[in-house]
Amino acid sequence: MELDITKLDRQKEAANRWRIAGGRGALDLTRRFGKTFTAIEFIINPHLNANSDGKVIVVVPSEIILRQWGDNLKSYCNFSDRVFIYTVNYIQVNNFTDECSLLIIDEIHNFTAPGRKAIIDGTSIQHRYRLALDGTYPYGVEWIEELYPVVDRITEDEAIANKWISPFVEYNFLLELPEADKRKYEKYSTPIAETLIMFAELLPRFTREEGHRIFENEYALVTACHTGFPTVNLYNKNVWITYDKLCNTIAFMKGWHTALDISVPVNNELHEQWSPIAIHNRAKNFIDFVKRRNDLLINNPVKLNVIGDIIYRNMVSTICFNESTKFADIIADYINARFYPVYQAACYHSKIDSRTVIDPTTGDYFKFTTGDRKGQPKILGKDSIKKIVIEGARAGYYKFISTARALDEGVDIPIIEQVICTAGTTNPLTYQQRIARGKTIDAYNPNKVTKIINLVFDDFTNSDGELIKSRDKTKLILRQKQSGSSIRWIKSIDEINFTTGE
């Protein structure tokens with residue numbers, strides 16, 4: 001009980017610091033500390049209790065977080081009929097406007113795009129008090145810091161030291177690509193690198209008057225030449241620039257228009273590389289090569305086999321994050337084929353097909369209970385299946401959840417004590433959200449030490465002895481830049497200590 005009281009006292013202190021700041025600011029509370037509970041118990045309840053005509057609006061980035069808030073309001077809020085939750089998508093699509101006494105923005109790092117500023121600054125929703133919640137606050141975004149300055153922060157180190165979140169060990173498991181895949185990887189990487197070099201020199205020329213670059217990197221510039229891109233005009237309005245306008249602009253920058261002058265000697269290089277059509281085709285081919293290379297790294301049977309070996313060694317409650325729904329399905333099927341019924345897996349992602357589902361509590365299909373089809377297996381829709389998976393995981397029926405990006409944030413399953421990541425982007429925030437799924441304290445397992453295992457293909461040398469850098473590994477290093485120095489790089493499953501946290 002001492003643990004809970006200590007945590008409650010710290011949650012109360014965070015709420016009090018927000019009040020001392022005039023009821024306007026952000027709480028940067030490390031993930032799994034309980035920011036939603038803190039907001040409801042120590043901010044929303046006191047606010048609505050003291051203001052009989054008060055009204056709270058909560059804005060969240062996704063449907064799954066909306067449902068999470070709804071569940072928490074039922075459990076902890078004394079005035080839930082005066083709390084209204086909306087997704088950012090609902091507000092934008094419906095041009096929603098309203099007013100309230102307290103506006104709460106959850107996961108404010110999802111609101112840094114200029115087009116979302118009106119949602120949180122009082123334009124769409126007028127308010128007196130404002131609160132932002134996050135575990136990965138977007139420091140450096142000036143207008144966010146002005147509207148919602150951080151009034152209290154709890155770091156991961158502080159939370160672990162006080163046993164408010166589960167301690168963890170983070171492994172980077174280096175794998176070797178098969179020889180045939182190495183050849184394919186090099187074949188795809190050569191034109192990718194050539195295109196990035198070509199466009200790198202153009203990047204500084206796409207700069208706004210205040211000095212900010214329009215494109216974050218050359219990769220973004222190349223892909224925009226195929227798809228177009230969103231930006232903000234001089235009147236701070238969102239606009240979409242089509243790919244043909246961008247390609248024409250680049251062609252002009254490279255002097256392609258001079259090749260149209262019949263008085264100028266023919267320049268085949270300009271025609272072949274920098275005409276608008278050539279630029280667009282190069283961008284199209286670039287995206288195709290990137291996709292092929294990503295598929296090679298993301299949907300690879302080497303990773304599938306290693307996942308099976310990890311589970312064989314450590315059959316604990318596990319969540320596995322992937323970058324493709326196809327691979328997520330393959331992994332769940334593989335785990336069930338190898339370990340069912342001792343260890344059962346389920347899939348959770350946005351592309352789940354409607355189908356019959358086995359009830360994990362009975363081992364038989366969910367069936368119709370009434371009508372002409374009574375006793376026959378029932379076909380369940382995506383939403384029903386996803387709900388069953390989460391409830392089954394919390395109850396311990398499903399020991400393994402295979403997902404893509406749907407569970408990056410917002411889901412609380414305390415019994416999870418192993419997180420496997422087979423791939424990811426370069427975004428540190430997304431990575432921190434993923435590994436946080438295993439950091440919730442489990443009251444029934446106080447000695448839990450979460451294992452976080454990243455599966456990544458290592459660099460390799462080609463037949464000429466040239467070092468070929470693995471994009472898989474590079475992405476991992478970039479998304480782990482906030483992880484500190486406690487990461488352990490390994491090359492064998494025997495280097496993972498499954499019995500203790502050491």
# chains A, B, ... in the order shown; residues from 1 in each chain; ligands from 1
$ residues_around --residues "Arg153 (chain A)" --least-positions-apart "3" --cutoff "10 Å" --atoms "only C-alpha atoms" --output "PDB file with N, CA and C atoms, in the first residue's frame"
ATOM      1  N   ALA A  14       1.389  17.011  -8.697  1.00  0.00           N
ATOM      2  CA  ALA A  14       1.373  17.462 -10.086  1.00  0.00           C
ATOM      3  C   ALA A  14       0.140  18.322 -10.353  1.00  0.00           C
ATOM      4  N   ALA A  26       0.922  22.392 -18.889  1.00  0.00           N
ATOM      5  CA  ALA A  26       1.036  20.987 -19.268  1.00  0.00           C
ATOM      6  C   ALA A  26       1.692  20.180 -18.157  1.00  0.00           C
ATOM      7  N   LEU A  27       1.284  18.921 -18.043  1.00  0.00           N
ATOM      8  CA  LEU A  27       1.921  17.958 -17.161  1.00  0.00           C
ATOM      9  C   LEU A  27       2.654  16.950 -18.041  1.00  0.00           C
ATOM     10  N   ASP A  28       3.966  16.941 -17.951  1.00  0.00           N
ATOM     11  CA  ASP A  28       4.787  16.000 -18.708  1.00  0.00           C
ATOM     12  C   ASP A  28       5.116  14.836 -17.783  1.00  0.00           C
ATOM     13  N   LEU A  29       4.261  13.831 -17.785  1.00  0.00           N
ATOM     14  CA  LEU A  29       4.362  12.701 -16.864  1.00  0.00           C
ATOM     15  C   LEU A  29       4.752  11.456 -17.644  1.00  0.00           C
ATOM     16  N   THR A  30       5.856  10.853 -17.293  1.00  0.00           N
ATOM     17  CA  THR A  30       6.357   9.712 -18.042  1.00  0.00           C
ATOM     18  C   THR A  30       5.285   8.657 -18.238  1.00  0.00           C
ATOM     19  N   ASP A 134       0.904  14.656 -21.386  1.00  0.00           N
ATOM     20  CA  ASP A 134       1.785  13.931 -22.295  1.00  0.00           C
ATOM     21  C   ASP A 134       2.843  13.192 -21.499  1.00  0.00           C
ATOM     22  N   GLY A 135       3.416  12.188 -22.148  1.00  0.00           N
ATOM     23  CA  GLY A 135       4.569  11.500 -21.591  1.00  0.00           C
ATOM     24  C   GLY A 135       5.792  11.758 -22.433  1.00  0.00           C
ATOM     25  N   TYR A 137       6.413  15.159 -24.116  1.00  0.00           N
ATOM     26  CA  TYR A 137       6.057  16.540 -24.441  1.00  0.00           C
ATOM     27  C   TYR A 137       6.933  17.072 -25.579  1.00  0.00           C
ATOM     28  N   VAL A 150       5.116  23.668 -19.591  1.00  0.00           N
ATOM     29  CA  VAL A 150       5.200  22.554 -18.650  1.00  0.00           C
ATOM     30  C   VAL A 150       5.280  23.098 -17.228  1.00  0.00           C
ATOM     31  N   GLU A 156      11.274   9.305 -16.456  1.00  0.00           N
ATOM     32  CA  GLU A 156      11.245   7.847 -16.359  1.00  0.00           C
ATOM     33  C   GLU A 156      12.138   7.364 -15.225  1.00  0.00           C
ATOM     34  N   GLU A 158      12.883   8.887 -12.422  1.00  0.00           N
ATOM     35  CA  GLU A 158      12.206   9.142 -11.152  1.00  0.00           C
ATOM     36  C   GLU A 158      11.115   8.108 -10.903  1.00  0.00           C
TER      37      GLU A 158
END
$ select_by_dssp --residues "region 86-210 of chain A" --states "helix (DSSP H, G or I)" --output "MDAnalysis selection string"
chainID A and resid 88:93 108:111 114:120 142:147 156:161 179:200 203:205
$ write_last_selection --atoms "C-alpha atoms" --output "short mmCIF file (atom, residue, chain, number, x, y, z; two decimals), in the first residue's frame"
data_model
loop_
_atom_site.label_atom_id
_atom_site.label_comp_id
_atom_site.auth_asym_id
_atom_site.auth_seq_id
_atom_site.Cartn_x
_atom_site.Cartn_y
_atom_site.Cartn_z
CA VAL A 88 -9.21 15.64 -33.26
CA ASN A 89 -10.54 14.09 -36.47
CA TYR A 90 -14.15 14.63 -35.37
CA ILE A 91 -13.45 18.29 -34.59
CA GLN A 92 -11.77 18.94 -37.92
CA VAL A 93 -14.23 17.05 -40.13
CA ILE A 108 -0.32 17.04 -27.08
CA HIS A 109 2.66 15.93 -29.18
CA ASN A 110 0.01 14.89 -31.74
CA PHE A 111 -1.15 18.51 -32.09
CA PRO A 114 -0.18 24.19 -37.70
CA GLY A 115 -3.60 23.01 -38.86
CA ARG A 116 -4.38 21.77 -35.34
CA LYS A 117 -3.50 24.98 -33.52
CA ALA A 118 -7.08 26.30 -33.68
CA ILE A 119 -8.28 23.23 -31.79
CA ILE A 120 -6.16 23.92 -28.73
CA GLU A 142 7.35 27.38 -29.45
CA TRP A 143 3.63 27.98 -29.82
CA ILE A 144 2.84 24.80 -27.87
CA GLU A 145 5.19 25.90 -25.08
CA GLU A 146 3.54 29.34 -25.01
CA LEU A 147 -0.01 27.97 -24.81
CA GLU A 156 11.25 7.85 -16.36
CA ASP A 157 14.20 7.58 -13.99
CA GLU A 158 12.21 9.14 -11.15
CA ALA A 159 9.26 6.83 -11.81
CA ILE A 160 11.42 3.69 -11.88
CA ALA A 161 13.33 4.73 -8.73
CA GLU A 179 22.97 -14.00 -48.63
CA ALA A 180 20.19 -13.77 -51.25
CA ASP A 181 18.56 -10.94 -49.31
CA LYS A 182 21.89 -9.11 -49.01
CA ARG A 183 22.15 -9.01 -52.80
CA LYS A 184 18.60 -7.71 -53.14
CA TYR A 185 19.19 -5.12 -50.42
CA GLU A 186 22.26 -3.75 -52.20
CA LYS A 187 20.42 -3.76 -55.54
CA TYR A 188 17.62 -1.60 -54.06
CA SER A 189 19.93 0.65 -52.02
CA THR A 190 22.09 1.85 -54.94
CA PRO A 191 19.40 3.85 -56.80
CA ILE A 192 17.96 5.07 -53.49
CA ALA A 193 21.31 6.55 -52.47
CA GLU A 194 21.89 8.07 -55.92
CA THR A 195 18.53 9.85 -55.84
CA LEU A 196 19.04 11.20 -52.31
CA ILE A 197 22.42 12.63 -53.31
CA MET A 198 20.87 14.33 -56.35
CA PHE A 199 18.16 16.01 -54.28
CA ALA A 200 20.31 16.89 -51.26
CA LEU A 203 17.04 21.00 -50.09
CA PRO A 204 18.42 24.37 -48.81
CA ARG A 205 16.67 26.19 -51.66
#
$ residues_around --residues "Ile416 (chain A)" --least-positions-apart "6" --cutoff "9 Å" --atoms "only C-alpha atoms" --output "MDAnalysis selection string"
chainID A and resid 316:319 393:394 399:400 437:440 442 450
$ closest_residue --among "A:Asp359, A:Lys473, A:Asn16, A:His212" --to "Thr426 (chain A)" --atoms "only C-alpha atoms"
A:Lys473
$ closest_residue --among "A:Leu103, A:Ala39, A:Ala345, A:Ala50" --to "Thr123 (chain A)" --atoms "only C-alpha atoms"
A:Leu103
$ atom_distance --atom1 "CA of Asn162 (chain A)" --atom2 "CA of Ile65 (chain A)"
26.5 Å
$ closest_atom_pairs --of "region 284-363 of chain A" --to "region 388-391 of chain A" --cutoff "10 Å" --atoms "only C-alpha atoms" --output "JSON lines"
{"residue": "A:Ala345", "atom": "CA", "partner": "A:Val389", "partner_atom": "CA", "distance": 9.3}
{"residue": "A:Ala346", "atom": "CA", "partner": "A:Val389", "partner_atom": "CA", "distance": 6.4}
{"residue": "A:Cys347", "atom": "CA", "partner": "A:Val389", "partner_atom": "CA", "distance": 7.4}
{"residue": "A:Tyr348", "atom": "CA", "partner": "A:Val389", "partner_atom": "CA", "distance": 7.0}
{"residue": "A:Val357", "atom": "CA", "partner": "A:Ile388", "partner_atom": "CA", "distance": 9.3}
{"residue": "A:Asp359", "atom": "CA", "partner": "A:Ile388", "partner_atom": "CA", "distance": 8.5}
{"residue": "A:Pro360", "atom": "CA", "partner": "A:Ile388", "partner_atom": "CA", "distance": 9.0}
$ write_last_selection --atoms "C-alpha atoms" --output "PDB file, in the first residue's frame"
ATOM      1  CA  ALA A 345      -1.791 -15.424 -29.722  1.00  0.00           C
ATOM      2  CA  ALA A 346      -4.212 -12.865 -31.141  1.00  0.00           C
ATOM      3  CA  CYS A 347      -3.910 -10.130 -33.751  1.00  0.00           C
ATOM      4  CA  TYR A 348      -4.929  -6.491 -33.269  1.00  0.00           C
ATOM      5  CA  VAL A 357     -13.377 -16.280 -33.533  1.00  0.00           C
ATOM      6  CA  ASP A 359     -13.741 -17.718 -27.365  1.00  0.00           C
ATOM      7  CA  PRO A 360     -10.537 -17.924 -25.290  1.00  0.00           C
TER       8      PRO A 360
END
$ residues_around --residues "Leu234 (chain A)" --least-positions-apart "6" --cutoff "12 Å" --atoms "only C-alpha atoms" --output "PyMOL selection string"
chain A and resi 208-210
$ write_last_selection --atoms "C-alpha atoms" --output "PDB file, in the first residue's frame"
ATOM      1  CA  ARG A 208      10.831  30.067 -45.928  1.00  0.00           C
ATOM      2  CA  GLU A 209      11.594  33.729 -45.324  1.00  0.00           C
ATOM      3  CA  GLU A 210      12.108  33.124 -41.585  1.00  0.00           C
TER       4      GLU A 210
END
$ select_by_dssp --residues "region 251-323 of chain A" --states "strand (DSSP E)" --output "list in words"
Thr318, Ile319, Cys320 and Phe321 of chain A
$ closest_residue --among "A:Ala395, A:Ile241, A:Ile105, A:Ile40" --to "Ala15 (chain A)" --atoms "only C-alpha atoms"
A:Ile40
$ residues_around --residues "Val306 (chain A)" --least-positions-apart "4" --cutoff "10 Å" --atoms "only C-alpha atoms" --output "PDB file with C-alpha atoms, in the first residue's frame"
ATOM      1  CA  PHE A 173      19.189  -8.180 -31.137  1.00  0.00           C
ATOM      2  CA  LEU A 175      20.432 -10.425 -36.982  1.00  0.00           C
ATOM      3  CA  PRO A 301      11.166 -15.009 -41.987  1.00  0.00           C
ATOM      4  CA  VAL A 302      14.441 -14.655 -40.050  1.00  0.00           C
ATOM      5  CA  ILE A 310      12.106 -15.951 -27.749  1.00  0.00           C
ATOM      6  CA  ILE A 311       8.637 -17.180 -26.823  1.00  0.00           C
ATOM      7  CA  TYR A 312       9.944 -20.740 -26.396  1.00  0.00           C
ATOM      8  CA  THR A 422      10.386  -6.237 -35.316  1.00  0.00           C
ATOM      9  CA  LEU A 455      14.986  -7.330 -33.748  1.00  0.00           C
ATOM     10  CA  SER A 492      22.557 -14.393 -29.684  1.00  0.00           C
ATOM     11  CA  ILE A 493      19.401 -15.262 -27.800  1.00  0.00           C
TER      12      ILE A 493
END
$ closest_residue --among "A:His257, A:Arg10, A:Lys55, A:Lys451" --to "Phe498 (chain A)" --atoms "only C-alpha atoms"
A:Lys451
$ atom_distance --atom1 "CA of Lys326 (chain A)" --atom2 "CA of Arg338 (chain A)"
18.5 Å
$ residues_around --residues "Leu48 (chain A)" --least-positions-apart "2" --cutoff "10 Å" --atoms "only C-alpha atoms" --output "ChimeraX atom specification"
/A:43-46,50-56,77-80,82-83,101-102
$ residues_around --residues "Pro341 (chain A)" --least-positions-apart "3" --cutoff "12 Å" --atoms "only C-alpha atoms" --output "PDB file with N, CA and C atoms, in the first residue's frame"
ATOM      1  N   ILE A 335       2.725 -18.283 -34.073  1.00  0.00           N
ATOM      2  CA  ILE A 335       2.763 -18.539 -32.625  1.00  0.00           C
ATOM      3  C   ILE A 335       1.698 -19.553 -32.230  1.00  0.00           C
ATOM      4  N   ASN A 336       0.503 -19.405 -32.777  1.00  0.00           N
ATOM      5  CA  ASN A 336      -0.565 -20.357 -32.462  1.00  0.00           C
ATOM      6  C   ASN A 336      -0.250 -21.752 -32.993  1.00  0.00           C
ATOM      7  N   ALA A 337       0.316 -21.820 -34.199  1.00  0.00           N
ATOM      8  CA  ALA A 337       0.643 -23.123 -34.777  1.00  0.00           C
ATOM      9  C   ALA A 337       1.718 -23.833 -33.960  1.00  0.00           C
ATOM     10  N   ARG A 338       2.618 -23.064 -33.376  1.00  0.00           N
ATOM     11  CA  ARG A 338       3.746 -23.663 -32.650  1.00  0.00           C
ATOM     12  C   ARG A 338       3.443 -23.926 -31.171  1.00  0.00           C
ATOM     13  N   GLN A 344      -1.382 -18.788 -26.289  1.00  0.00           N
ATOM     14  CA  GLN A 344      -2.291 -18.378 -27.369  1.00  0.00           C
ATOM     15  C   GLN A 344      -2.021 -16.948 -27.819  1.00  0.00           C
ATOM     16  N   ALA A 345      -2.043 -16.744 -29.131  1.00  0.00           N
ATOM     17  CA  ALA A 345      -1.791 -15.424 -29.722  1.00  0.00           C
ATOM     18  C   ALA A 345      -3.047 -14.873 -30.373  1.00  0.00           C
ATOM     19  N   ILE A 358     -12.548 -17.917 -31.965  1.00  0.00           N
ATOM     20  CA  ILE A 358     -12.649 -18.836 -30.830  1.00  0.00           C
ATOM     21  C   ILE A 358     -12.674 -18.040 -29.532  1.00  0.00           C
ATOM     22  N   PRO A 360     -11.674 -17.414 -26.063  1.00  0.00           N
ATOM     23  CA  PRO A 360     -10.537 -17.924 -25.290  1.00  0.00           C
ATOM     24  C   PRO A 360     -10.925 -18.518 -23.940  1.00  0.00           C
ATOM     25  N   THR A 361     -12.118 -18.176 -23.463  1.00  0.00           N
ATOM     26  CA  THR A 361     -12.549 -18.700 -22.162  1.00  0.00           C
ATOM     27  C   THR A 361     -13.110 -20.108 -22.263  1.00  0.00           C
ATOM     28  N   THR A 362     -13.553 -20.506 -23.474  1.00  0.00           N
ATOM     29  CA  THR A 362     -14.178 -21.822 -23.637  1.00  0.00           C
ATOM     30  C   THR A 362     -13.413 -22.735 -24.588  1.00  0.00           C
ATOM     31  N   GLY A 363     -12.595 -22.150 -25.457  1.00  0.00           N
ATOM     32  CA  GLY A 363     -11.905 -22.951 -26.459  1.00  0.00           C
ATOM     33  C   GLY A 363     -12.782 -23.290 -27.643  1.00  0.00           C
ATOM     34  N   TYR A 397      -5.919 -14.567 -21.072  1.00  0.00           N
ATOM     35  CA  TYR A 397      -6.236 -15.658 -22.003  1.00  0.00           C
ATOM     36  C   TYR A 397      -5.314 -15.609 -23.219  1.00  0.00           C
ATOM     37  N   TYR A 398      -5.130 -14.401 -23.769  1.00  0.00           N
ATOM     38  CA  TYR A 398      -4.186 -14.217 -24.863  1.00  0.00           C
ATOM     39  C   TYR A 398      -2.853 -13.800 -24.267  1.00  0.00           C
ATOM     40  N   LYS A 399      -1.837 -14.619 -24.453  1.00  0.00           N
ATOM     41  CA  LYS A 399      -0.521 -14.325 -23.911  1.00  0.00           C
ATOM     42  C   LYS A 399       0.324 -13.493 -24.871  1.00  0.00           C
TER      43      LYS A 399
END
$ atom_distance --atom1 "CA of Val239 (chain A)" --atom2 "CA of Pro138 (chain A)"
24.0 Å
$ closest_residue --among "A:Lys163, A:Arg373, A:Arg313, A:His226" --to "Asp494 (chain A)" --atoms "only C-alpha atoms"
A:Arg313
